[in-house]
$ cat final_0.txt   # compact mmCIF, C-alpha atoms and all ligand atoms
# COMPACT_ATOMS: atom_id res chain seq x y z
CA MET A 1 34.59 3.87 -14.18
CA ASN A 2 33.93 6.98 -12.10
CA ALA A 3 32.48 6.98 -8.61
CA LEU A 4 28.94 7.69 -9.77
CA THR A 5 28.72 4.76 -12.18
CA ASP A 6 30.30 2.63 -9.49
CA THR A 7 27.47 3.51 -7.10
CA ARG A 8 24.88 2.94 -9.82
CA ALA A 9 26.34 -0.44 -10.68
CA ALA A 10 26.32 -1.38 -7.01
CA GLU A 11 22.71 -0.23 -6.64
CA ALA A 12 21.61 -2.16 -9.73
CA VAL A 13 22.44 -5.47 -8.15
CA ASN A 14 22.25 -4.68 -4.45
CA GLU A 15 20.11 -6.75 -2.14
CA THR A 16 17.32 -4.24 -1.60
CA THR A 17 16.86 -3.78 -5.34
CA ALA A 18 16.65 -7.56 -5.73
CA MET A 19 14.09 -7.68 -2.88
CA ALA A 20 11.99 -4.98 -4.53
CA THR A 21 12.18 -6.62 -7.96
CA GLU A 22 11.08 -10.05 -6.80
CA THR A 23 7.47 -10.98 -7.56
CA THR A 24 5.79 -12.96 -4.79
CA LEU A 25 2.24 -13.27 -3.58
CA LEU A 26 2.89 -10.73 -0.82
CA ASN A 27 5.33 -8.22 -2.33
CA PRO A 28 3.95 -4.94 -3.68
CA ARG A 29 3.40 -5.28 -7.42
CA PHE A 30 3.65 -2.98 -10.41
CA TYR A 31 0.47 -2.59 -12.43
CA THR A 32 -0.51 -1.84 -15.95
CA THR A 33 -4.03 -1.40 -17.31
CA ASP A 34 -6.19 -0.42 -20.27
CA PHE A 35 -5.14 3.23 -20.30
CA ASP A 36 -7.46 4.10 -23.21
CA GLU A 37 -10.49 2.93 -21.30
CA MET A 38 -9.44 4.96 -18.27
CA ASP A 39 -8.89 7.96 -20.48
CA ARG A 40 -12.55 7.85 -21.51
CA ILE A 41 -13.85 8.52 -17.98
CA ASP A 42 -16.15 11.51 -17.86
CA VAL A 43 -16.10 13.23 -14.48
CA THR A 44 -19.14 15.42 -15.20
CA PRO A 45 -21.36 13.64 -12.62
CA VAL A 46 -18.90 14.58 -9.83
CA ARG A 47 -17.65 17.84 -11.30
CA ARG A 48 -18.07 20.04 -8.22
CA ASP A 49 -16.23 17.70 -5.85
CA TRP A 50 -13.69 16.94 -8.55
CA ASP A 51 -12.73 20.58 -9.13
CA GLU A 52 -12.45 21.17 -5.41
CA LEU A 53 -10.16 18.15 -4.90
CA LEU A 54 -8.02 18.97 -7.91
CA ALA A 55 -7.63 22.57 -6.73
CA GLU A 56 -6.38 21.22 -3.40
CA MET A 57 -3.88 18.99 -5.20
CA ALA A 58 -2.78 21.86 -7.43
CA SER A 59 -2.07 24.01 -4.36
CA ASP A 60 0.43 21.29 -3.38
CA PRO A 61 0.18 21.49 0.43
CA ASN A 62 3.10 19.08 0.92
CA LYS A 63 5.46 20.78 -1.49
CA GLY A 64 8.16 21.40 1.09
CA HIS A 65 7.38 18.49 3.38
CA PHE A 66 9.58 15.70 2.04
CA ARG A 67 12.90 17.20 3.00
CA LYS A 68 15.13 16.38 5.89
CA THR A 69 15.13 19.07 8.57
CA ALA A 70 16.70 19.42 12.00
CA ASP A 71 14.06 16.90 13.14
CA TRP A 72 15.83 14.20 11.18
CA ASP A 73 17.89 12.50 13.90
CA ALA A 74 21.04 10.59 13.05
CA ILE A 75 20.59 6.83 13.05
CA ASP A 76 23.14 4.29 14.13
CA TRP A 77 22.36 1.63 11.51
CA ALA A 78 25.36 -0.49 12.43
CA GLY A 79 24.40 -0.53 16.10
CA MET A 80 20.77 -1.51 15.45
CA ASP A 81 19.67 -4.92 16.70
CA PRO A 82 20.17 -7.21 13.64
CA ALA A 83 16.64 -8.67 13.74
CA LEU A 84 15.12 -5.19 13.92
CA ARG A 85 17.42 -3.89 11.22
CA LYS A 86 16.44 -6.72 8.87
CA GLU A 87 12.71 -6.22 9.38
CA PHE A 88 12.93 -2.43 9.27
CA VAL A 89 14.82 -2.59 5.97
CA ASP A 90 12.13 -4.98 4.71
CA PHE A 91 9.47 -2.47 5.82
CA LEU A 92 11.23 0.43 4.09
CA VAL A 93 11.87 -1.51 0.88
CA SER A 94 8.31 -2.77 0.71
CA SER A 95 6.90 0.73 1.42
CA CYS A 96 9.24 2.29 -1.13
CA THR A 97 8.19 -0.28 -3.75
CA ALA A 98 4.51 0.32 -3.04
CA GLU A 99 4.92 4.11 -3.30
CA PHE A 100 6.96 3.79 -6.46
CA SER A 101 4.44 1.37 -7.95
CA GLY A 102 1.83 4.14 -7.66
CA CYS A 103 4.24 6.62 -9.19
CA VAL A 104 4.89 4.41 -12.22
CA LEU A 105 1.23 3.58 -12.87
CA TYR A 106 0.02 7.19 -12.43
CA LYS A 107 2.81 8.60 -14.58
CA GLU A 108 2.01 6.17 -17.37
CA MET A 109 -1.66 7.15 -17.25
CA LYS A 110 -0.70 10.80 -17.48
CA ARG A 111 1.66 10.12 -20.37
CA ARG A 112 -0.83 8.10 -22.39
CA GLY A 113 -3.98 10.09 -21.68
CA ARG A 114 -5.67 12.83 -23.66
CA ASN A 115 -8.46 13.58 -21.20
CA LYS A 116 -7.54 16.83 -19.45
CA ASP A 117 -9.18 15.92 -16.11
CA ILE A 118 -7.57 12.51 -15.96
CA CYS A 119 -4.12 13.71 -17.01
CA GLU A 120 -4.19 16.50 -14.44
CA LEU A 121 -5.15 14.14 -11.62
CA PHE A 122 -2.60 11.48 -12.50
CA GLY A 123 0.09 14.13 -12.88
CA TYR A 124 -0.44 15.33 -9.29
CA MET A 125 -0.61 11.82 -7.91
CA SER A 126 2.58 10.66 -9.61
CA ARG A 127 4.30 13.82 -8.32
CA ASP A 128 3.31 12.88 -4.76
CA GLU A 129 4.26 9.21 -5.04
CA ALA A 130 7.65 10.08 -6.54
CA ARG A 131 8.34 12.23 -3.48
CA HIS A 132 7.18 9.50 -1.11
CA ALA A 133 9.30 6.80 -2.74
CA GLY A 134 12.28 9.16 -2.95
CA PHE A 135 12.03 10.11 0.71
CA ILE A 136 11.99 6.48 1.86
CA ASN A 137 14.84 5.72 -0.49
CA ASP A 138 16.86 8.56 1.10
CA ALA A 139 16.46 6.79 4.43
CA LEU A 140 17.75 3.58 2.85
CA ARG A 141 20.59 5.47 1.20
CA GLU A 142 21.86 6.56 4.62
CA ALA A 143 22.34 2.87 5.35
CA GLY A 144 24.05 2.44 1.97
CA ILE A 145 21.24 0.27 0.63
CA ALA A 146 19.07 2.48 -1.60
CA VAL A 147 16.84 0.71 -4.11
CA ASN A 148 17.74 1.40 -7.73
CA LEU A 149 14.35 2.71 -8.85
CA GLY A 150 15.38 3.13 -12.50
CA PHE A 151 16.41 -0.51 -12.63
CA LEU A 152 13.19 -1.53 -10.90
CA THR A 153 11.05 0.21 -13.54
CA LYS A 154 12.67 -1.89 -16.23
CA ALA A 155 13.21 -5.20 -14.43
CA LYS A 156 10.03 -5.62 -12.41
CA LYS A 157 7.19 -7.68 -13.79
CA TYR A 158 3.97 -5.72 -14.43
CA THR A 159 0.60 -7.20 -13.52
CA TYR A 160 -2.32 -6.33 -15.81
CA PHE A 161 -5.56 -5.28 -14.12
CA ARG A 162 -8.64 -4.05 -15.93
CA PRO A 163 -9.49 -0.46 -14.97
CA LYS A 164 -12.24 -1.41 -12.51
CA PHE A 165 -9.83 -3.66 -10.61
CA ILE A 166 -7.32 -0.82 -10.56
CA TYR A 167 -9.99 1.38 -8.95
CA TYR A 168 -10.82 -1.14 -6.23
CA ALA A 169 -7.21 -2.12 -5.51
CA THR A 170 -5.75 1.36 -5.71
CA TYR A 171 -8.55 3.05 -3.82
CA LEU A 172 -8.05 0.54 -1.03
CA SER A 173 -4.29 0.75 -1.00
CA GLU A 174 -4.45 4.57 -0.78
CA LYS A 175 -6.96 4.52 2.08
CA ILE A 176 -5.23 1.67 3.91
CA GLY A 177 -1.96 3.56 3.41
CA TYR A 178 -3.53 6.59 5.07
CA ALA A 179 -4.84 4.44 7.94
CA ARG A 180 -1.48 2.71 8.44
CA TYR A 181 0.56 5.91 8.46
CA ILE A 182 -1.79 7.82 10.75
CA THR A 183 -2.15 4.92 13.22
CA ILE A 184 1.63 4.61 13.58
CA PHE A 185 1.98 8.38 13.80
CA ARG A 186 -0.64 8.71 16.59
CA HIS A 187 0.85 5.75 18.47
CA LEU A 188 4.34 7.29 18.37
CA GLU A 189 2.98 10.70 19.27
CA ALA A 190 1.77 9.09 22.51
CA ASN A 191 4.95 6.96 22.89
CA PRO A 192 7.83 9.07 21.54
CA ASP A 193 10.43 6.85 23.25
CA ARG A 194 9.45 4.11 20.76
CA ARG A 195 10.28 6.21 17.71
CA PHE A 196 13.49 4.47 16.67
CA HIS A 197 13.76 6.26 13.31
CA PRO A 198 12.93 9.87 12.34
CA ILE A 199 10.93 8.92 9.23
CA PHE A 200 7.85 8.30 11.37
CA LYS A 201 7.72 12.02 12.22
CA TRP A 202 6.88 12.71 8.58
CA PHE A 203 3.87 10.37 8.47
CA LYS A 204 1.13 12.87 9.38
CA GLU A 205 1.32 15.25 6.41
CA TRP A 206 2.35 12.29 4.28
CA CYS A 207 -0.83 10.36 4.96
CA ASN A 208 -2.92 13.35 3.87
CA ASP A 209 -1.52 12.88 0.36
CA GLU A 210 -2.68 9.26 0.45
CA PHE A 211 -6.06 10.36 1.74
CA ARG A 212 -6.49 12.75 -1.20
CA HIS A 213 -5.42 10.07 -3.68
CA GLY A 214 -8.07 7.77 -2.21
CA GLU A 215 -10.64 10.56 -2.55
CA ALA A 216 -9.83 10.84 -6.25
CA PHE A 217 -10.51 7.13 -6.80
CA ALA A 218 -13.72 7.39 -4.78
CA LEU A 219 -14.87 10.15 -7.16
CA LEU A 220 -13.84 8.13 -10.21
CA MET A 221 -15.93 5.21 -8.95
CA ARG A 222 -18.85 7.54 -8.34
CA THR A 223 -18.93 8.48 -12.04
CA ASP A 224 -20.46 5.09 -12.85
CA PRO A 225 -22.92 3.46 -10.39
CA ARG A 226 -22.35 0.06 -12.02
CA LEU A 227 -18.85 -0.03 -10.52
CA THR A 228 -20.28 -0.41 -7.03
CA SER A 229 -23.37 -2.53 -7.64
CA GLY A 230 -24.49 -5.91 -8.94
CA VAL A 231 -21.81 -8.53 -9.45
CA ASN A 232 -19.13 -5.91 -8.79
CA VAL A 233 -20.02 -6.01 -5.09
CA LEU A 234 -18.54 -9.52 -5.09
CA TRP A 235 -15.35 -8.13 -6.63
CA ILE A 236 -15.25 -5.38 -4.01
CA LYS A 237 -15.54 -8.02 -1.32
CA PHE A 238 -12.77 -10.00 -2.96
CA PHE A 239 -10.43 -7.00 -3.00
CA LEU A 240 -11.29 -6.01 0.57
CA THR A 241 -10.55 -9.55 1.76
CA ALA A 242 -7.35 -9.89 -0.28
CA VAL A 243 -5.97 -6.49 0.75
CA TYR A 244 -6.73 -6.97 4.46
CA ALA A 245 -5.43 -10.56 4.51
CA THR A 246 -2.21 -9.59 2.71
CA MET A 247 -1.57 -6.82 5.20
CA TRP A 248 -2.13 -9.21 8.12
CA VAL A 249 0.31 -11.80 6.77
CA ARG A 250 2.93 -9.22 5.82
CA ASP A 251 2.82 -7.43 9.18
CA HIS A 252 3.08 -10.68 11.11
CA ALA A 253 6.32 -11.40 9.29
CA ARG A 254 7.85 -8.41 11.14
CA PRO A 255 7.62 -9.18 14.87
CA ALA A 256 10.84 -7.37 15.89
CA PHE A 257 9.83 -4.22 14.03
CA HIS A 258 6.44 -4.01 15.76
CA GLU A 259 7.97 -4.95 19.10
CA ALA A 260 10.40 -2.02 18.76
CA LEU A 261 7.49 0.31 18.03
CA GLY A 262 5.64 -1.11 21.04
CA VAL A 263 2.75 -2.14 18.78
CA ASP A 264 0.72 -5.33 19.14
CA ILE A 265 0.35 -6.51 15.53
CA GLU A 266 -3.18 -7.86 15.87
CA TRP A 267 -4.32 -4.67 17.56
CA TYR A 268 -2.62 -2.52 14.92
CA ASP A 269 -4.05 -4.46 11.98
CA GLN A 270 -7.58 -4.51 13.37
CA GLU A 271 -7.31 -0.78 14.07
CA VAL A 272 -6.20 -0.11 10.48
CA PHE A 273 -9.01 -2.32 9.12
CA ARG A 274 -11.51 -0.46 11.28
CA LYS A 275 -10.43 2.95 10.00
CA THR A 276 -10.26 1.76 6.39
CA SER A 277 -13.71 0.18 6.62
CA GLU A 278 -15.20 3.31 8.13
CA ILE A 279 -13.71 5.42 5.33
CA SER A 280 -14.58 3.02 2.51
CA ARG A 281 -18.28 3.33 3.36
CA GLN A 282 -18.08 6.57 1.37
CA VAL A 283 -18.20 4.53 -1.82
CA PHE A 284 -18.46 0.77 -1.16
CA PRO A 285 -21.90 -0.67 -0.33
CA ILE A 286 -20.33 -3.30 1.98
CA THR A 287 -17.67 -3.57 4.67
CA LEU A 288 -16.10 -6.76 5.98
CA ASP A 289 -17.27 -7.99 9.37
CA ILE A 290 -13.91 -7.83 11.13
CA ASP A 291 -15.57 -8.59 14.48
CA HIS A 292 -17.03 -11.87 13.22
CA PRO A 293 -15.91 -14.83 15.42
CA ARG A 294 -14.29 -16.47 12.35
CA TRP A 295 -12.29 -13.41 11.25
CA LYS A 296 -9.19 -13.37 13.49
CA PRO A 297 -8.80 -17.17 13.95
CA THR A 298 -8.95 -17.63 10.17
CA LEU A 299 -6.41 -14.89 9.56
CA ARG A 300 -4.12 -16.63 12.05
CA ARG A 301 -4.58 -19.91 10.15
CA LEU A 302 -3.87 -18.18 6.86
CA GLU A 303 -0.71 -16.64 8.27
CA LYS A 304 0.52 -20.01 9.57
CA ALA A 305 -0.19 -21.63 6.18
CA MET A 306 1.74 -18.88 4.36
CA VAL A 307 4.75 -19.38 6.66
CA ASP A 308 4.62 -23.15 6.03
CA MET A 309 4.41 -22.55 2.28
CA GLU A 310 7.55 -20.44 2.43
CA ASP A 311 9.34 -23.08 4.55
CA GLY A 312 8.37 -25.80 2.07
CA LYS A 313 9.65 -23.71 -0.81
CA LYS A 314 12.97 -23.16 0.96
CA ALA A 315 13.34 -26.82 1.93
CA GLY A 316 12.90 -28.00 -1.68
CA GLY A 317 12.80 -31.68 -2.71
CA ILE A 318 9.74 -33.89 -2.49
CA GLY A 319 9.25 -33.21 1.23
CA GLY A 320 9.38 -29.47 0.61
CA TRP A 321 7.01 -29.75 -2.33
CA MET A 322 4.49 -31.74 -0.28
CA LYS A 323 4.69 -29.26 2.57
CA LYS A 324 4.28 -26.35 0.18
CA THR A 325 1.31 -27.94 -1.60
CA TRP A 326 -0.48 -28.86 1.59
CA ALA A 327 0.11 -25.39 3.03
CA GLY A 328 -1.17 -23.85 -0.20
CA THR A 329 -4.39 -25.83 0.10
CA ARG A 330 -4.82 -24.66 3.71
CA ALA A 331 -4.15 -21.06 2.69
CA ALA A 332 -6.75 -21.25 -0.07
CA ALA A 333 -9.29 -22.81 2.30
CA ALA A 334 -8.64 -20.05 4.85
CA PHE A 335 -9.13 -17.39 2.19
CA VAL A 336 -12.44 -18.93 1.11
CA SER A 337 -13.51 -19.02 4.75
CA LEU A 338 -12.71 -15.31 5.14
CA TYR A 339 -14.44 -14.45 1.89
CA THR A 340 -17.64 -16.21 2.89
CA ILE A 341 -18.07 -14.33 6.18
CA PRO A 342 -21.27 -12.34 5.57
CA ALA A 343 -20.47 -8.70 4.83
CA ARG A 344 -22.15 -5.68 6.41
CA ARG A 345 -24.29 -3.75 3.96
CA HIS A 346 -24.55 0.03 3.82
CA THR A 347 -26.02 2.69 1.64
CA PRO A 348 -23.15 5.01 0.69
CA PRO A 349 -23.91 8.67 1.50
CA ALA A 350 -25.16 11.09 -1.16
CA SER A 351 -22.04 13.20 -0.83
CA VAL A 352 -18.90 11.16 -1.33
CA ARG A 353 -16.17 13.55 -0.10
CA LEU A 354 -14.51 13.03 3.28
CA GLN A 355 -11.82 14.84 5.25
CA PRO A 356 -9.06 13.01 7.17
CA ALA A 357 -10.42 12.56 10.70
CA TYR A 358 -7.93 10.38 12.60
FE FE B 401 2.27 7.59 -1.36
FE FE B 402 -0.87 7.54 -2.72
$ encode --input "final_0.txt" --output "structure tokens" --more "lines below"
Ligand SMILES: [Fe+2]
Ligand SMILES: [Fe+2]
Amino acid sequence: MNALTDTRAAEAVNETTAMATETTLLNPRFYTTDFDEMDRIDVTPVRRDWDELLAEMASDPNKGHFRKTADWDAIDWAGMDPALRKEFVDFLVSSCTAEFSGCVLYKEMKRRGRNKDICELFGYMSRDEARHAGFINDALREAGIAVNLGFLTKAKKYTYFRPKFIYYATYLSEKIGYARYITIFRHLEANPDRRFHPIFKWFKEWCNDEFRHGEAFALLMRTDPRLTSGVNVLWIKFFLTAVYATMWVRDHARPAFHEALGVDIEWYDQEVFRKTSEISRQVFPITLDIDHPRWKPTLRRLEKAMVDMEDGKKAGGIGGWMKKTWAGTRAAAAFVSLYTIPARRHTPPASVRLQPAY
């Protein structure tokens, strides 16, 4: 066996690849959908905005961005506080999986499609996500723990979503991705002594890619008014609640990471929700009331229940099973409580397009 196959074999079974492959309620998933139905979308109703956005993507403003430069400081992985190292690796692996999940879905749409507009869009988006995932994986590679993305494509379970659910979930994850990256970037711009890894310096141009991807899904949703009215408003509310709640629980599992950044997790999450809500008014007729008195206390309860569920699962046996089941019931009740907070209603603007403003 030569050195290269040795490395590949090691990557196939290494811990980060196993982490990325695992399917849990909170891990980023891989998606598949009805590609033929998506291929039938007609973008004529949004043609002007569409052509403008696609021209921007074709010009590839971030072509040279995802390369290490002199700004990439050396990192002492071995000397990093073990708790921080563990959570930071978890953050990188989860981000890399999420980026790569977009890459896989978008590439498949491009491969299967016949519709010129759709294939062009998904081609550009998979190009961007491949760069994003690759760049994060480079950072992991420096620590000797890169995720084997080829293995992941084959081994990870794919979740089927009908196209409209792909629009809601993917639109939100692109916009929330933008809001997360820009909020960390601005925070570290003001507090450079907290920047414990160079990758954060790349977040500004990076998040503009995510912003554009979100714009594309906003336009796709605008091609059919039924997607954002009637019973679908209840689905939109479901996805908003699920995406926000997942982010809250996931972020709270990384106290050392946020401590190192000097970020209060509740502040950060609320800030990201606020930005995402403000942006999502471009296409969604509702936003969640994140200032409602029930919002934060219920998220805290949900987070506690999720931790207990995990503990029960680890403990095993009858005691563990009972703990897990009871915690699961509490988590479900908390989710219902969040979902039933009355939403704020809006009339989305006539013109859907936005520019990144944060
Ligand atoms: Fe991305
Ligand atoms: Fe994206």
$ atom_distance --input "final_0.txt" --atom1 "atom CA of A:Asp76" --atom2 "atom CA of A:Trp202"
19.1 Å
$ closest_residue --input "final_0.txt" --among "A:Thr153, A:Thr246, A:Thr298, A:Ser173" --to "ligand FE 401 (chain B)" --atoms "all atoms listed in the file"
A:Ser173
$ residues_near_ligand --input "final_0.txt" --ligand "ligand FE 402 (chain B)" --cutoff "8 Å" --atoms "all atoms listed in the file" --output "list in words"
Glu99, Gly102, Met125, Asp128, Glu129, Ser173, Glu174, Gly177, Asp209, Glu210, Phe211, Arg212, His213 and Gly214 of chain A
$ closest_residue --input "final_0.txt" --among "A:Asn208, A:Ser229, A:Thr183, A:Asn191" --to "ligand FE 401 (chain B)" --atoms "only C-alpha atoms and all ligand atoms"
A:Asn208
$ atom_distance --input "final_0.txt" --atom1 "atom CA of A:Leu152" --atom2 "atom CA of A:Leu26"
17.1 Å
$ residues_around --input "final_0.txt" --residues "A:Ala331" --least-positions-apart "4" --cutoff "10 Å" --atoms "all atoms listed in the file" --output "list in words"
Thr298, Leu299, Arg301, Leu302, Glu303, Lys304, Ala305, Met306, Val307, Asp308, Met309, Thr325, Trp326, Ala327, Phe335, Val336 and Ser337 of chain A
$ closest_residue --input "final_0.txt" --among "A:Trp50, A:Phe91, A:Phe122, A:Tyr158" --to "A:Tyr31" --atoms "all atoms listed in the file"
A:Tyr158
$ closest_residue --input "final_0.txt" --among "A:Lys296, A:Lys323, A:Lys314, A:Arg47" --to "A:Arg222" --atoms "all atoms listed in the file"
A:Arg47
$ residues_around --input "final_0.txt" --residues "stretch 57-70 of chain A" --least-positions-apart "4" --cutoff "7 Å" --atoms "all atoms listed in the file" --output "ChimeraX atom specification"
/A:53,124,131,135,205
$ residues_around --input "final_0.txt" --residues "A:Lys204" --least-positions-apart "3" --cutoff "7 Å" --atoms "all atoms listed in the file" --output "list in words"
Ile182, Phe185, Cys207 and Asn208 of chain A
$ closest_residue --input "final_0.txt" --among "A:Ser126, A:Thr241, A:Thr223, A:Asn14" --to "ligand FE 401 (chain B)" --atoms "all atoms listed in the file"
A:Ser126
$ atom_distance --input "final_0.txt" --atom1 "atom CA of A:Ala333" --atom2 "atom CA of A:Ile318"
22.5 Å
$ closest_residue --input "final_0.txt" --among "A:Ala83, A:Ala55, A:Ile236, A:Cys96" --to "ligand FE 401 (chain B)" --atoms "all atoms listed in the file"
A:Cys96
$ residues_near_point --input "final_0.txt" --point "(6.9, -7.3, -13.6)" --cutoff "9 Å" --atoms "all atoms listed in the file" --output "PyMOL selection string"
chain A and resi 21-23+29-31+152-159
$ residues_around --input "final_0.txt" --residues "A:Asp251" --least-positions-apart "6" --cutoff "12 Å" --atoms "only C-alpha atoms" --output "list in words"
Leu26, Asn27, Glu87, Phe88, Asp90, Phe91, Ser94, Ser95, Arg180, Tyr244, Ala245, Phe257, His258, Glu259, Val263, Asp264, Ile265, Glu266, Trp267, Tyr268, Asp269, Gln270, Val272, Leu299, Arg300 and Glu303 of chain A
$ residues_around --input "final_0.txt" --residues "A:Pro349" --least-positions-apart "3" --cutoff "9 Å" --atoms "only C-alpha atoms" --output "PDB file with C-alpha atoms, in the coordinates of the input"
ATOM      1  CA  ARG A 281     -18.280   3.330   3.360  1.00  0.00           C
ATOM      2  CA  GLN A 282     -18.080   6.570   1.370  1.00  0.00           C
ATOM      3  CA  VAL A 283     -18.200   4.530  -1.820  1.00  0.00           C
ATOM      4  CA  HIS A 346     -24.550   0.030   3.820  1.00  0.00           C
ATOM      5  CA  VAL A 352     -18.900  11.160  -1.330  1.00  0.00           C
TER       6      VAL A 352
END
